[in-house]
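Visitor: Following this message is one structure expressed as structure tokens.
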There are 2 protein chains.
Amino acid sequence: MRAIAAEVGVQAGALYNYTPDKQSLLFDLMQSHLTELLAAVPDTRDAEPRTRLRKLVEFHIRFHDARREAVFIAYMELRNLTDVNFARIEELRRRYEDHLEQILRDGVASGDFRVQDTKIATLAIIAMLTGVNTWFRAGGRLSLDEITGQYWDLVRNGVAADG
Amino acid sequence: MRAIAAEVGVQAGALYNYTPDKQSLLFDLMQSHLTELLAAVPDTRDAEPRTRLRKLVEFHIRFHDARREAVFIAYMELRNLTDVNFARIEELRRRYEDHLEQILRDGVASGDFRVQDTKIATLAIIAMLTGVNTWFRAGGRLSLDEITGQYWDLVRNGVAADG
DNA sequence: GTCTATAATCCGATAGAC
DNA sequence: GTCTATCGGATTATAGAC
């Protein structure tokens, strides 16, 4: 709380005019992050499964790169949530995962994708995509667009029906 | 330190007969974990790239599942290492990544794999595999062998030359 | 709404008896 | 090698002046 106060430019006690306690502040940060994530998911219902999957891959990498700090907190501070707040956050996270899983399900049904278990593929793909944040730094050897293209190749081939 | 002492069954002060300070204890834990990881990497130099990759995927998931606590600490406590210790740990981690990247390079050279950038594919695959730890619990819907098989399908197709 | 001051608690680490 | 006791400092949160 002192570090946050210093960043904002006030004393620690003044923060308690804006949040009842540290737990609420942490929960609100995570909830806002995931709510904004859900609101920003591209609506691709009318497109083909491959296009929908590509759009989601591109969106996920872009969105998470643009909010590195929030993503970092959302992962590292999970264990500091109360049981009730943890359950709420997990529910939002599950709803995001459902967007991807639905695309995979539709792609399997249409014959575009071949995946044994869409839930496992969902978790695998999300972990892979989110991992970009742990090493990517702007100005490196490759641009984020180039990296996104390569991740898309891995995902596309990974779930392709003609693999 | 007090929590560790309680777990071991001694008072907090007694721990300092075994470690000079908390930083050294944390570093030793991470270093041991990664050293054991490197020592346990299967030697598959004489096998075909596809077999080598499959063996590494199976090894990675098995090894990390068997050491959930160490893996958790190795990720969550990274930011609490001094700069010098952080560099040492990153060097060990890089050496592990090199095992996978060499397999991918050899597979690309032999025509078995098609990957634009082996370094990116390495990081993507490792993030995907390590992610299993965040959700897998023994006794669930699928066994770890079944899950490993599905991750292998995703990896195999992802880097396949005939995708 | 912000400040200073402080309460209550927790932390890593040390000192010294045994 | 472990204990008790404690130091010095950090933490979250509150109280009360302005």
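Identifiers in the structure tokens: chain A, B, ... in order shown; residue index from 1 per chain; ligand index from 1 in order shown.
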Find the nearest atom pair between each residue of chain D and chain A for residues within 12 Å, count only C-alpha atoms (C1' of nucleotides), give distances in Å to one decimal, sort rows by chain and ascending number, and present the table as JSON lines.
Guide:
```
{"residue": "D:DA10", "atom": "C1'", "partner": "A:Arg2", "partner_atom": "CA", "distance": 10.5}
{"residue": "D:DT11", "atom": "C1'", "partner": "A:Met1", "partner_atom": "CA", "distance": 8.8}
{"residue": "D:DT12", "atom": "C1'", "partner": "A:Met1", "partner_atom": "CA", "distance": 7.8}
{"residue": "D:DA13", "atom": "C1'", "partner": "A:Asp21", "partner_atom": "CA", "distance": 7.9}
{"residue": "D:DT14", "atom": "C1'", "partner": "A:Gly13", "partner_atom": "CA", "distance": 8.6}
{"residue": "D:DA15", "atom": "C1'", "partner": "A:Gly13", "partner_atom": "CA", "distance": 10.8}
```
Visitor: Just to be explicit: take each residue in the selection above, keep N, CA, C and O atoms (P, O5', C5', C4', C3', O3' and C1' of nucleotides), and write the result as a short mmCIF file (atom, residue, chain, number, x, y, z; two decimals), in the first residue's frame.
Guide:
```cif
data_model
loop_
_atom_site.label_atom_id
_atom_site.label_comp_id
_atom_site.auth_asym_id
_atom_site.auth_seq_id
_atom_site.Cartn_x
_atom_site.Cartn_y
_atom_site.Cartn_z
P DA D 10 12.43 -0.44 6.72
"O5'" DA D 10 11.12 -1.23 6.28
"C5'" DA D 10 11.24 -2.53 5.70
"C4'" DA D 10 9.92 -3.27 5.87
"C3'" DA D 10 8.71 -2.45 5.43
"O3'" DA D 10 8.26 -2.91 4.16
"C1'" DA D 10 8.34 -3.55 7.54
P DT D 11 7.04 -2.12 3.47
"O5'" DT D 11 5.73 -2.78 4.09
"C5'" DT D 11 5.50 -4.18 3.97
"C4'" DT D 11 4.30 -4.58 4.83
"C3'" DT D 11 3.09 -3.70 4.63
"O3'" DT D 11 2.29 -4.22 3.59
"C1'" DT D 11 3.46 -4.20 6.97
P DT D 12 1.19 -3.30 2.92
"O5'" DT D 12 -0.07 -3.44 3.90
"C5'" DT D 12 -0.61 -4.72 4.18
"C4'" DT D 12 -1.65 -4.62 5.28
"C3'" DT D 12 -2.85 -3.71 4.95
"O3'" DT D 12 -4.05 -4.37 5.33
"C1'" DT D 12 -1.83 -2.98 6.97
P DA D 13 -5.47 -3.76 4.88
"O5'" DA D 13 -5.83 -2.79 6.09
"C5'" DA D 13 -5.92 -3.33 7.40
"C4'" DA D 13 -6.00 -2.21 8.42
"C3'" DA D 13 -7.04 -1.13 8.14
"O3'" DA D 13 -8.09 -1.26 9.09
"C1'" DA D 13 -4.97 -0.23 8.95
P DT D 14 -9.32 -0.22 9.07
"O5'" DT D 14 -8.89 0.79 10.24
"C5'" DT D 14 -8.42 0.25 11.46
"C4'" DT D 14 -8.04 1.36 12.41
"C3'" DT D 14 -9.06 2.50 12.51
"O3'" DT D 14 -9.31 2.78 13.88
"C1'" DT D 14 -6.90 3.36 12.06
P DA D 15 -10.49 3.81 14.25
"O5'" DA D 15 -9.68 5.06 14.79
"C5'" DA D 15 -8.54 4.85 15.64
"C4'" DA D 15 -8.03 6.19 16.14
"C3'" DA D 15 -9.09 7.28 16.25
"O3'" DA D 15 -8.83 8.09 17.39
"C1'" DA D 15 -7.43 7.93 14.69
#
```
Visitor: Pull out every residue of chain C sitting within 9 Å of chain B, counting only C-alpha atoms (C1' of nucleotides), and send them as a list in words.
Guide: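 That gives the following set of residues: DC11, DG12, DA13 and DT14 of chain C.
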Visitor: Which residues of chain A have any atom within 6 Å of an atom in chain B when counting only C-alpha atoms, and what is the closest pair of atoms for each, with the distance in Å to one decimal? Order the rows by chain and rising number and write it as a Markdown table.
Guide:
```
| residue | atom | partner | partner_atom | distance |
| --- | --- | --- | --- | --- |
| A:Ala124 | CA | B:Met128 | CA | 5.2 |
| A:Ala127 | CA | B:Met128 | CA | 5.2 |
| A:Met128 | CA | B:Met128 | CA | 4.4 |
| A:Gly131 | CA | B:Ala127 | CA | 5.6 |
| A:Leu154 | CA | B:Gly158 | CA | 4.4 |
| A:Asn157 | CA | B:Gly158 | CA | 4.6 |
| A:Gly158 | CA | B:Gly158 | CA | 4.0 |
| A:Gly163 | CA | B:Gly163 | CA | 4.7 |
```
Visitor: Take the residues that were just selected and, keeping all heavy atoms, output them as a PDB file, in the first residue's frame.
Guide:
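This went into again-v5.pdb:
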```
ATOM      1  N   ALA A 124      -4.293 -25.492 -23.011  1.00  0.00           N
ATOM      2  CA  ALA A 124      -2.946 -25.544 -23.591  1.00  0.00           C
ATOM      3  C   ALA A 124      -2.671 -24.299 -24.432  1.00  0.00           C
ATOM      4  O   ALA A 124      -1.607 -23.688 -24.328  1.00  0.00           O
ATOM      5  CB  ALA A 124      -2.790 -26.809 -24.432  1.00  0.00           C
ATOM      6  N   ALA A 127      -2.356 -21.076 -22.224  1.00  0.00           N
ATOM      7  CA  ALA A 127      -1.066 -21.032 -21.516  1.00  0.00           C
ATOM      8  C   ALA A 127       0.057 -20.653 -22.465  1.00  0.00           C
ATOM      9  O   ALA A 127       0.945 -19.871 -22.133  1.00  0.00           O
ATOM     10  CB  ALA A 127      -0.781 -22.388 -20.869  1.00  0.00           C
ATOM     11  N   MET A 128      -0.008 -21.215 -23.672  1.00  0.00           N
ATOM     12  CA  MET A 128       1.020 -20.918 -24.665  1.00  0.00           C
ATOM     13  C   MET A 128       1.012 -19.442 -25.032  1.00  0.00           C
ATOM     14  O   MET A 128       2.055 -18.787 -25.061  1.00  0.00           O
ATOM     15  CB  MET A 128       0.778 -21.771 -25.906  1.00  0.00           C
ATOM     16  CG  MET A 128       1.892 -21.751 -26.919  1.00  0.00           C
ATOM     17  SD  MET A 128       1.576 -22.883 -28.290  1.00  0.00           S
ATOM     18  CE  MET A 128       0.667 -21.829 -29.411  1.00  0.00           C
ATOM     19  N   GLY A 131       2.060 -16.996 -22.260  1.00  0.00           N
ATOM     20  CA  GLY A 131       3.493 -17.094 -21.992  1.00  0.00           C
ATOM     21  C   GLY A 131       4.324 -16.070 -22.735  1.00  0.00           C
ATOM     22  O   GLY A 131       5.448 -15.761 -22.322  1.00  0.00           O
ATOM     23  N   LEU A 154       1.612 -22.282 -35.058  1.00  0.00           N
ATOM     24  CA  LEU A 154       1.648 -23.409 -34.113  1.00  0.00           C
ATOM     25  C   LEU A 154       0.239 -23.847 -33.727  1.00  0.00           C
ATOM     26  O   LEU A 154      -0.069 -25.036 -33.684  1.00  0.00           O
ATOM     27  CB  LEU A 154       2.448 -23.030 -32.862  1.00  0.00           C
ATOM     28  CG  LEU A 154       3.956 -22.879 -33.050  1.00  0.00           C
ATOM     29  CD1 LEU A 154       4.595 -22.250 -31.812  1.00  0.00           C
ATOM     30  CD2 LEU A 154       4.597 -24.239 -33.337  1.00  0.00           C
ATOM     31  N   ASN A 157      -1.730 -25.348 -36.966  1.00  0.00           N
ATOM     32  CA  ASN A 157      -1.317 -26.717 -37.258  1.00  0.00           C
ATOM     33  C   ASN A 157      -1.692 -27.670 -36.126  1.00  0.00           C
ATOM     34  O   ASN A 157      -2.061 -28.826 -36.367  1.00  0.00           O
ATOM     35  CB  ASN A 157       0.196 -26.770 -37.489  1.00  0.00           C
ATOM     36  CG  ASN A 157       0.592 -26.134 -38.805  1.00  0.00           C
ATOM     37  OD1 ASN A 157      -0.177 -26.165 -39.768  1.00  0.00           O
ATOM     38  ND2 ASN A 157       1.780 -25.551 -38.842  1.00  0.00           N
ATOM     39  N   GLY A 158      -1.583 -27.171 -34.886  1.00  0.00           N
ATOM     40  CA  GLY A 158      -1.852 -28.033 -33.735  1.00  0.00           C
ATOM     41  C   GLY A 158      -3.249 -28.599 -33.725  1.00  0.00           C
ATOM     42  O   GLY A 158      -3.454 -29.753 -33.323  1.00  0.00           O
ATOM     43  N   GLY A 163      -3.768 -32.623 -40.285  1.00  0.00           N
ATOM     44  CA  GLY A 163      -2.383 -32.680 -39.800  1.00  0.00           C
ATOM     45  C   GLY A 163      -1.729 -34.049 -39.991  1.00  0.00           C
ATOM     46  O   GLY A 163      -2.390 -35.062 -40.083  1.00  0.00           O
TER      47      GLY A 163
END
```
Visitor: Residues of chain A classed as alpha helix (DSSP H) by DSSP on the backbone are to be reported as number ranges by chain.
Guide: A: 2-8, 22-40, 49-66, 68-76, 83-110, 118-130, 144-159
Visitor: Write out as a PyMOL selection string the residues lying within 8 Å of B:Val57, counting only C-alpha atoms (C1' of nucleotides) and excluding same-chain residues fewer than 2 positions away.
Guide: chain B and resi 53-55+59-61+129+148+151-152
Visitor: Which neighbours of A:His99 fall inside 12 Å, counting only C-alpha atoms (C1' of nucleotides), when residues of the same chain fewer than 3 positions from it are skipped, and could you give them as a PyMOL selection string?
Guide: chain A and resi 37-45+52-53+55-57+60+92-96+102-106+118-119+122-123+126
Visitor: Kindly export the residues of the current selection with N, CA, C and O atoms, as a short mmCIF file (atom, residue, chain, number, x, y, z; two decimals), in the first residue's frame.
Guide:
```cif
data_model
loop_
_atom_site.label_atom_id
_atom_site.label_comp_id
_atom_site.auth_asym_id
_atom_site.auth_seq_id
_atom_site.Cartn_x
_atom_site.Cartn_y
_atom_site.Cartn_z
N LEU A 37 -11.36 -7.79 -20.31
CA LEU A 37 -10.96 -8.85 -21.25
C LEU A 37 -12.19 -9.47 -21.91
O LEU A 37 -12.26 -9.61 -23.15
N LEU A 38 -13.18 -9.79 -21.10
CA LEU A 38 -14.40 -10.41 -21.64
C LEU A 38 -15.13 -9.46 -22.58
O LEU A 38 -15.68 -9.89 -23.60
N ALA A 39 -15.15 -8.18 -22.22
CA ALA A 39 -15.86 -7.20 -23.06
C ALA A 39 -15.15 -6.97 -24.38
O ALA A 39 -15.77 -6.57 -25.37
N ALA A 40 -13.84 -7.24 -24.42
CA ALA A 40 -13.05 -6.95 -25.62
C ALA A 40 -12.92 -8.14 -26.55
O ALA A 40 -12.38 -8.02 -27.66
N VAL A 41 -13.38 -9.30 -26.12
CA VAL A 41 -13.28 -10.50 -26.97
C VAL A 41 -13.97 -10.23 -28.30
O VAL A 41 -15.14 -9.82 -28.32
N PRO A 42 -13.29 -10.43 -29.41
CA PRO A 42 -13.91 -10.14 -30.71
C PRO A 42 -15.11 -11.05 -30.98
O PRO A 42 -15.06 -12.26 -30.75
N ASP A 43 -16.15 -10.45 -31.49
CA ASP A 43 -17.35 -11.21 -31.85
C ASP A 43 -17.19 -11.71 -33.28
O ASP A 43 -17.28 -10.94 -34.23
N THR A 44 -16.94 -13.02 -33.41
CA THR A 44 -16.68 -13.59 -34.73
C THR A 44 -17.65 -14.71 -35.05
O THR A 44 -17.33 -15.61 -35.84
N ARG A 45 -18.81 -14.65 -34.44
CA ARG A 45 -19.75 -15.77 -34.56
C ARG A 45 -20.08 -16.15 -36.00
O ARG A 45 -20.35 -17.30 -36.29
N ARG A 52 -12.10 -17.46 -36.91
CA ARG A 52 -12.43 -17.13 -35.53
C ARG A 52 -11.26 -17.43 -34.60
O ARG A 52 -10.92 -16.64 -33.71
N LEU A 53 -10.63 -18.58 -34.82
CA LEU A 53 -9.49 -18.96 -33.98
C LEU A 53 -8.32 -18.00 -34.17
O LEU A 53 -7.67 -17.58 -33.20
N LYS A 55 -8.45 -14.89 -35.15
CA LYS A 55 -8.78 -13.60 -34.54
C LYS A 55 -8.57 -13.64 -33.01
O LYS A 55 -8.09 -12.68 -32.41
N LEU A 56 -8.94 -14.76 -32.42
CA LEU A 56 -8.80 -14.86 -30.96
C LEU A 56 -7.34 -14.95 -30.55
O LEU A 56 -6.92 -14.35 -29.54
N VAL A 57 -6.54 -15.67 -31.31
CA VAL A 57 -5.10 -15.74 -31.03
C VAL A 57 -4.49 -14.35 -31.10
O VAL A 57 -3.74 -13.92 -30.21
N HIS A 60 -5.76 -12.20 -28.17
CA HIS A 60 -5.21 -12.59 -26.86
C HIS A 60 -3.80 -12.04 -26.67
O HIS A 60 -3.48 -11.44 -25.64
N LEU A 92 -14.76 -15.77 -13.82
CA LEU A 92 -14.54 -14.88 -14.97
C LEU A 92 -13.51 -15.49 -15.92
O LEU A 92 -13.66 -15.43 -17.15
N ARG A 93 -12.48 -16.08 -15.34
CA ARG A 93 -11.45 -16.70 -16.18
C ARG A 93 -12.06 -17.86 -16.98
O ARG A 93 -11.74 -18.05 -18.15
N ARG A 94 -12.91 -18.62 -16.34
CA ARG A 94 -13.56 -19.73 -17.02
C ARG A 94 -14.43 -19.25 -18.18
O ARG A 94 -14.46 -19.87 -19.25
N ARG A 95 -15.07 -18.13 -17.97
CA ARG A 95 -15.92 -17.59 -19.04
C ARG A 95 -15.09 -17.17 -20.24
O ARG A 95 -15.53 -17.30 -21.39
N TYR A 96 -13.89 -16.66 -19.98
CA TYR A 96 -13.01 -16.33 -21.11
C TYR A 96 -12.56 -17.59 -21.83
O TYR A 96 -12.57 -17.64 -23.07
N GLN A 102 -15.48 -22.81 -27.27
CA GLN A 102 -16.63 -22.87 -28.17
C GLN A 102 -16.18 -22.85 -29.64
O GLN A 102 -16.73 -23.55 -30.49
N ILE A 103 -15.15 -22.05 -29.90
CA ILE A 103 -14.60 -22.01 -31.27
C ILE A 103 -14.04 -23.38 -31.65
O ILE A 103 -14.26 -23.88 -32.76
N LEU A 104 -13.32 -23.96 -30.71
CA LEU A 104 -12.74 -25.29 -30.99
C LEU A 104 -13.84 -26.32 -31.20
O LEU A 104 -13.78 -27.15 -32.12
N ARG A 105 -14.87 -26.27 -30.38
CA ARG A 105 -15.99 -27.21 -30.53
C ARG A 105 -16.65 -27.07 -31.90
O ARG A 105 -16.90 -28.06 -32.58
N ASP A 106 -16.91 -25.82 -32.27
CA ASP A 106 -17.56 -25.59 -33.56
C ASP A 106 -16.66 -26.07 -34.69
O ASP A 106 -17.15 -26.63 -35.69
N THR A 118 -11.55 -30.66 -26.24
CA THR A 118 -11.50 -29.22 -26.48
C THR A 118 -11.10 -28.44 -25.23
O THR A 118 -10.51 -27.37 -25.33
N LYS A 119 -11.44 -28.97 -24.06
CA LYS A 119 -11.08 -28.26 -22.82
C LYS A 119 -9.57 -28.25 -22.62
O LYS A 119 -8.98 -27.20 -22.27
N THR A 122 -7.98 -25.98 -25.10
CA THR A 122 -8.20 -24.60 -24.68
C THR A 122 -7.15 -24.15 -23.67
O THR A 122 -6.50 -23.10 -23.84
N LEU A 123 -6.98 -24.94 -22.63
CA LEU A 123 -6.02 -24.58 -21.58
C LEU A 123 -4.60 -24.55 -22.13
O LEU A 123 -3.80 -23.69 -21.77
N ILE A 126 -4.18 -21.32 -24.34
CA ILE A 126 -4.14 -20.10 -23.54
C ILE A 126 -2.82 -19.98 -22.80
O ILE A 126 -2.22 -18.90 -22.74
#
```
Visitor: Near A:Arg68, counting only C-alpha atoms (C1' of nucleotides), which residues have an atom at most 10 Å away, once you skip same-chain residues fewer than 5 positions from it, shown as a list in words?
Guide: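 Final neighbour list, sorted by chain and number: Phe63, Ile73, Ala74, Asn133 and Thr134 of chain A.
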Visitor: What's the separation between atom CA of A:Ala109 and atom CA of B:Glu146, in Å to one decimal place?
Guide: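 One can read the atom CA of A:Ala109 to atom CA of B:Glu146 distance as 21.9 Å.
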Visitor: What's around D:DC3 at 10 Å? Count only C-alpha atoms (C1' of nucleotides), leave out sequence neighbours fewer than 6 positions away in its own chain, and write the answer as a ChimeraX atom specification.
Guide: /B:10-11,13-14 /C:17-18
Visitor: Keeping only N, CA, C and O atoms (P, O5', C5', C4', C3', O3' and C1' of nucleotides), write the selected residues to a file as a tab-separated table (two decimals), in the first residue's frame.
Guide:
```tsv
chain	number	residue	atom	x	y	z
B	10	VAL	N	11.04	-27.05	13.97
B	10	VAL	CA	12.02	-26.36	14.82
B	10	VAL	C	11.60	-24.90	14.95
B	10	VAL	O	10.63	-24.47	14.32
B	11	GLN	N	12.35	-24.17	15.76
B	11	GLN	CA	12.11	-22.73	15.87
B	11	GLN	C	12.82	-21.99	14.73
B	11	GLN	O	13.77	-22.51	14.14
B	13	GLY	N	14.88	-19.54	14.51
B	13	GLY	CA	16.31	-19.29	14.62
B	13	GLY	C	17.17	-20.48	14.24
B	13	GLY	O	18.28	-20.31	13.73
B	14	ALA	N	16.65	-21.68	14.47
B	14	ALA	CA	17.43	-22.89	14.18
B	14	ALA	C	17.71	-23.06	12.70
B	14	ALA	O	18.68	-23.73	12.32
C	17	DA	P	25.13	-16.20	27.99
C	17	DA	O5'	24.17	-17.30	28.62
C	17	DA	C5'	22.85	-16.94	29.02
C	17	DA	C4'	21.95	-18.17	28.95
C	17	DA	C3'	22.54	-19.41	29.61
C	17	DA	O3'	21.54	-20.06	30.40
C	17	DA	C1'	22.01	-19.88	27.35
C	18	DC	P	21.99	-21.23	31.40
C	18	DC	O5'	21.87	-22.56	30.54
C	18	DC	C5'	20.59	-23.02	30.11
C	18	DC	C4'	20.78	-24.18	29.16
C	18	DC	C3'	21.72	-25.27	29.66
C	18	DC	O3'	20.97	-26.41	30.08
C	18	DC	C1'	22.01	-24.81	27.33
```
Visitor: Interatomic distance between atom CA of A:Leu81 and atom C1' of C:DT9?
Guide: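 Distance reported for this atom pair: 19.6 Å.
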Visitor: For atom CA of A:Ala87 and atom CA of A:Val71, quote the distance in Å rounded to one decimal.
Guide: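 Computed distance, atom CA of A:Ala87 to atom CA of A:Val71, equals 17.6 Å.
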